[in-house]
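Report on the structure given below.
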Amino acid sequence: MNGGQDLGGMHGFGPVAPEKDEPRFHAEWEKRVFGLAMAMGLSGTWNLDASRSAREALPPGEYLTSSYYAIWLKALERQVQHHGLVTPEELSTCTASAPAAPVKRVLRGEEVALLFARGFPSDRPVPDPARFSLGDRVRARRINPVGHTRLPRYVRGHIGTVEAVHGGFVFPDTNAQLAGEAPQWLYTVRFCGRDLWGDQAEPGHSVSVNAFESYLEALEPERIA
Amino acid sequence: MAHHHDHDDHPHGTHPASELSPMELRVRALESILVEKGYVDPAALDALIETYETRVGPHNGARVVARAWVDPGFRARLLADATPAMHELGVGGRGGEHMVVVANTPEEHNLVVCTLCSCYPWPVLGLPPVWYKSPPYRSRAVIAPRAVLAEFGLTLPAAQRIRVWDSTAELRYMVLPMRPAGTEELDEPALAALVTRDSMIGTGLPLTAERIA
């Protein structure tokens with residue numbers, strides 16, 4: 001969606017402000033939100049893409065003025081209510097009054113070390129051959145889905161070069177809607193800074209994104225060596 | 001996201017409930033309901049927080065970089081297929097299932113960003129700093145990378161091109177910085193001590209041997 005999360009190329013946020021000796025968390029509640037989001041993410045009720053989608057569904061004004069873990073918290077509150085795990089009354093009264101809904105799994109403390117050291121790969125087999133090859137010139141499609149997508153606005157409509165073919169991966173646009181993993185070929189596409197930003201581009205820079213096959217369309221069969 | 005972090009909380013979380021911030025109370029409410037209804041095991045929460053607060057951090061990435069500096073075979077494997085190469089050092093896991101390592105050269109400097117959220121290679125760098133997740137960096141790393149680097153005190157030669165990597169899928173990028181000059185005598189742990197978090201994001205360079213000594 002064209003939401004507050006899609007920041008590439010925006011102006012006006014001021015300089016980057018690195019914090020010296022920054023702590024991993026800035027408040028106790030941030031730790032709890034992090035842990036809760038991780039644990040609930042493994043409940044099988046939703047997935048990582050759905051969580052990203054819930055965060056970026058915050059109105060842009062709210063997204064841009066909320067701290068990082070506040071965004072996580074607001075999204076998690078929405079998700080647990082949307083999926084019927086918690087009622088609004090329970091949240092406001094801080095008392096469980098409705099029966100627990102079934103979840104596919106409850107992450108146990110003793111499972112954390114092994115599961116998180118192993119990770120959760122999102123590569124998947126794709127039966128069809130890749131449509132694009134190294135060096136192909138491709139155009140990022142002009143798409144504006146109201147749902148989750150991972151094609152940032154600043155590359156849409158622009159022409160780039162395929163510089164890596166990564167195999168099949170879970171397609172976030174469908175997965176976020178719990179409509180299936182529908183894996184697609186994933187590519188790295190490199191765009192020249194000047195093609196993206198015109199005369200305002202800084203000299204000598206390029207930007208590469210990871211793009212799913214359906215985000216891309218073929219140009220003339222010209223190959224760049 | 002607010003550029004300046006919301007310090008709307010007492011730092012130690014040990015104050016009586018009457019002094020807790022609205023955010024602290026709101027999170028406690030959610031946590032107590034989720035635990036009471038059996039969706040969340042408190043031991044899992046503690047393990048998750050402990051893991052990412054204390055165990056996973058840039059020291060892991062520094063070990064990978066130092067090994068790549070001393071072992072050409074490892075460097076080649078790392079650049080060809082980073083995930084299994086890192087597994088050789090016991091480094092991997094959540095947020096780093098599909099790693100890509102990009103090497104700086106005198107001709108080309110690499111810079112990693114996630115304009116759409118906060119994708120970051122957790123197993124090698126830990127959880128990202130606030131600036132990495134905040135609008136000033138996410139908005140401008142792709143359009144004005146040299147200006148952004150200048151805000152980190154890093155001015156690159158004009159002839160050195162900049163390659164920006166926007167982490168828009170589940171691949172996670174780490175920069176392999178160039179080994180600083182004058183470090184020929186250093187062993188692997190000493191080299192790892194030169195490798196800063198920012199040098200693996202691309203917003204900095206490794207420390208020089210003099211700065212450590």
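Simple scheme: letters A, B, ... for chains in structure tokens order, numbers from 1 for residues in each chain, numbers from 1 for ligands in the order shown.
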Might you pull out every residue within 7 Å of segment 188-196 of chain B, with only C-alpha atoms counted and same-chain residues fewer than 5 positions away left off, and present them as a PyMOL selection string? chain B and resi 62-63+66-67+206-208
Next, write the just-selected residues to a file, as a PDB file, in the first residue's frame, keeping C-alpha atoms as the atom set.
```
ATOM      1  CA  ALA B  62      32.920  -8.803  13.181  1.00  0.00           C
ATOM      2  CA  ARG B  63      34.066 -12.400  13.463  1.00  0.00           C
ATOM      3  CA  ALA B  66      37.868 -10.808  10.341  1.00  0.00           C
ATOM      4  CA  ARG B  67      37.810 -14.365   9.013  1.00  0.00           C
ATOM      5  CA  PRO B 206      36.543  -0.076  10.266  1.00  0.00           C
ATOM      6  CA  LEU B 207      38.689   1.446  12.964  1.00  0.00           C
ATOM      7  CA  THR B 208      42.345   1.810  12.095  1.00  0.00           C
TER       8      THR B 208
END
```
Out of segment 62-203 of chain B, which residues get strand (DSSP E or B) from DSSP, as a PyMOL selection string? chain B and resi 99-103+108-113+161-166+172-176
Need the shell around segment 103-114 of chain A: protein/DNA/RNA residues with any atom at most 7 Å away, counting only C-alpha atoms. Skip same-chain ones fewer than 2 positions apart. Format as a list in words?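 Near segment 103-114 of chain A, the qualifying residues are Ala39, Leu42, Ser43, Gly44, Thr45, Ala101, Phe116, Ala117 and Arg118 of chain A; Tyr39, Val40, Asp41, Ala43, Ala44, Ala47 and Leu48 of chain B.
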Atom-to-atom span, atom CA of Trp165 of chain B and atom CA of Cys114 of chain B, Å: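 Atom CA of Cys114 of chain B lies 8.0 Å from atom CA of Trp165 of chain B.
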Let me make sure I understand: among B:Pro145, B:Pro135, B:Gly95, B:Gly73, which one has the smallest atom-to-atom distance to Ser66 of chain A if we use only C-alpha atoms?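 Among the listed residues, the smallest separation from Ser66 of chain A belongs to B:Pro135.
Interatomic distance, atom CA of Asp195 of chain A to atom CA of Val155 of chain A: 9.3 Å.
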Give the answer as one residue: which of B:Phe152, B:Tyr137, B:Trp131, B:Trp69 has the shortest atom-to-atom distance to Thr115 of chain B, using only C-alpha atoms?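 Checking each candidate against Thr115 of chain B, we get B:Tyr137 as the closest.
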A:Gly3, A:Pro23, A:Pro125, A:Gly119 ranked by distance to chain B, top pick (using only C-alpha atoms):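 Of the candidates, the smallest distance to chain B is held by A:Gly119.
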Among segment 84-213 of chain B, which ones does DSSP assign to helix (DSSP H, G or I) (computed from the backbone)? Answer as a VMD selection string. chain B and resid 84 to 87 122 to 125 130 to 133 135 to 140 145 to 151 188 to 192 197 to 201 209 to 212
Can you work out the spacing between atom CA of Cys192 of chain A and atom CA of Ile159 of chain A in Å, to one decimal?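 The value is 8.7 Å.
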Identify, on the basis of only C-alpha atoms, every residue whose closest approach to segment 22-37 of chain B does not exceed 6 Å; exclude the query and any residue fewer than 4 positions from it along the same chain; express the result as a PDB file with C-alpha atoms, in the first residue's frame.
```pdb
ATOM      1  CA  TRP A  29       8.039  -1.921  27.511  1.00  0.00           C
ATOM      2  CA  CYS A  94      -6.983  -6.140  31.649  1.00  0.00           C
ATOM      3  CA  ALA A  96      -9.531 -12.350  30.467  1.00  0.00           C
ATOM      4  CA  ALA A 100      -9.180 -18.546  24.527  1.00  0.00           C
TER       5      ALA A 100
END
```
Write out as an NGL selection string each polymer residue whose atoms come within 7 Å of Val113 of chain B, counting only C-alpha atoms; drop sequence neighbours fewer than 6 positions from it. :B and (138 or 141 or 165-167)
